[in-house]
Amino acid sequence: MLPVDRRRNPLVLLVEDDPGLREAVVRGLAKAGYQVAAAGSGREAVEAALELHPDAVVMDVMLPDGRGSTAAEEIRSQEGLRAVPVLFVTAQAPAAVGDSLFPAPVLYKPFTYRQLVASVRELVRAA
């Protein structure tokens, strides 16, 4: 197997606890040309980030083991991951989310495939 060029195929870490949505997003991002690793909890996300050093993280706000923002802060506190860009996704209303997330973009569920890919593309480009 040839190594994948991460400049052309960035690695996105997807953190989503809903298995159906997680699988659909993995397929969609892979179809758009991204390498995708997936996690179902904040703890799994931190472990995967430490191992894989993703180019970007797409993180659900509400996870079974806590808030996605807590996991994102833990990821970004690690050497080599401080600047990893994070896109939060949530089904919560914008007013409920407020300013509770560190400066990061938020994509509200339900979102379209196009919105997701455009948001991830922008996230990776800005990194």
# chains A, B, ... in the order shown; residues from 1 in each chain; ligands from 1
call {"tool": "select_by_dssp", "arguments": {"residues": "chain A", "states": "strand (DSSP E)", "output": "list in words"}}
result
Leu11, Val12, Leu13, Leu14, Val15, Gln35, Val36, Ala37, Ala38, Ala39, Ala56, Val57, Val58, Met59, Asp60, Met62, Leu63, Gly66, Arg67, Val86, Leu87, Phe88, Val89, Thr90, Val106, Leu107 and Tyr108 of chain A
call {"tool": "write_last_selection", "arguments": {"atoms": "C-alpha atoms", "output": "PDB file, in the first residue's frame"}}
result
ATOM      1  CA  LEU A  11      -6.932  13.161   8.101  1.00  0.00           C
ATOM      2  CA  VAL A  12     -10.161  14.162   9.836  1.00  0.00           C
ATOM      3  CA  LEU A  13     -11.048  12.777  13.250  1.00  0.00           C
ATOM      4  CA  LEU A  14     -14.832  12.469  13.505  1.00  0.00           C
ATOM      5  CA  VAL A  15     -16.288  12.262  17.019  1.00  0.00           C
ATOM      6  CA  GLN A  35      -8.993  10.156   5.338  1.00  0.00           C
ATOM      7  CA  VAL A  36     -11.329   9.647   8.288  1.00  0.00           C
ATOM      8  CA  ALA A  37     -10.839   8.155  11.724  1.00  0.00           C
ATOM      9  CA  ALA A  38     -13.906   7.872  13.947  1.00  0.00           C
ATOM     10  CA  ALA A  39     -14.542   7.869  17.680  1.00  0.00           C
ATOM     11  CA  ALA A  56      -8.862  18.506  11.783  1.00  0.00           C
ATOM     12  CA  VAL A  57     -11.482  17.325  14.270  1.00  0.00           C
ATOM     13  CA  VAL A  58     -15.243  17.247  13.727  1.00  0.00           C
ATOM     14  CA  MET A  59     -16.695  16.941  17.244  1.00  0.00           C
ATOM     15  CA  ASP A  60     -20.259  16.426  18.456  1.00  0.00           C
ATOM     16  CA  MET A  62     -22.895  16.247  23.445  1.00  0.00           C
ATOM     17  CA  LEU A  63     -21.112  12.919  23.967  1.00  0.00           C
ATOM     18  CA  GLY A  66     -19.329  14.579  28.613  1.00  0.00           C
ATOM     19  CA  ARG A  67     -19.187  17.664  26.454  1.00  0.00           C
ATOM     20  CA  VAL A  86     -12.104  21.850  15.525  1.00  0.00           C
ATOM     21  CA  LEU A  87     -15.577  21.993  13.989  1.00  0.00           C
ATOM     22  CA  PHE A  88     -18.374  21.347  16.464  1.00  0.00           C
ATOM     23  CA  VAL A  89     -21.646  19.765  15.372  1.00  0.00           C
ATOM     24  CA  THR A  90     -24.776  19.871  17.493  1.00  0.00           C
ATOM     25  CA  VAL A 106     -20.390  25.206  14.763  1.00  0.00           C
ATOM     26  CA  LEU A 107     -22.486  23.233  12.273  1.00  0.00           C
ATOM     27  CA  TYR A 108     -26.068  22.670  13.394  1.00  0.00           C
TER      28      TYR A 108
END
call {"tool": "residues_around", "arguments": {"residues": "A:Ala72", "least_positions_apart": "2", "cutoff": "8 Å", "atoms": "only C-alpha atoms", "output": "NGL selection string"}}
result
:A and (46 or 59 or 68-70 or 74-76 or 86)
call {"tool": "select_by_dssp", "arguments": {"residues": "chain A", "states": "helix (DSSP H, G or I)", "output": "JSON, numbers by chain"}}
result
{"A": [19, 20, 21, 22, 23, 24, 25, 26, 27, 28, 29, 30, 31, 42, 43, 44, 45, 46, 47, 48, 49, 50, 51, 52, 68, 69, 70, 71, 72, 73, 74, 75, 76, 94, 95, 96, 97, 113, 114, 115, 116, 117, 118, 119, 120, 121, 122, 123, 124, 125, 126]}
call {"tool": "atom_distance", "arguments": {"atom1": "atom CA of A:Leu21", "atom2": "atom CA of A:Ala83"}}
result
26.5 Å
call {"tool": "atom_distance", "arguments": {"atom1": "atom CA of A:Arg22", "atom2": "atom CA of A:Pro54"}}
result
16.8 Å
call {"tool": "closest_residue", "arguments": {"among": "A:Glu23, A:Gly80, A:Pro105, A:Ala48", "to": "A:Glu122", "atoms": "only C-alpha atoms"}}
result
A:Pro105
call {"tool": "atom_distance", "arguments": {"atom1": "atom CA of A:Gly40", "atom2": "atom CA of A:Gln78"}}
result
20.1 Å
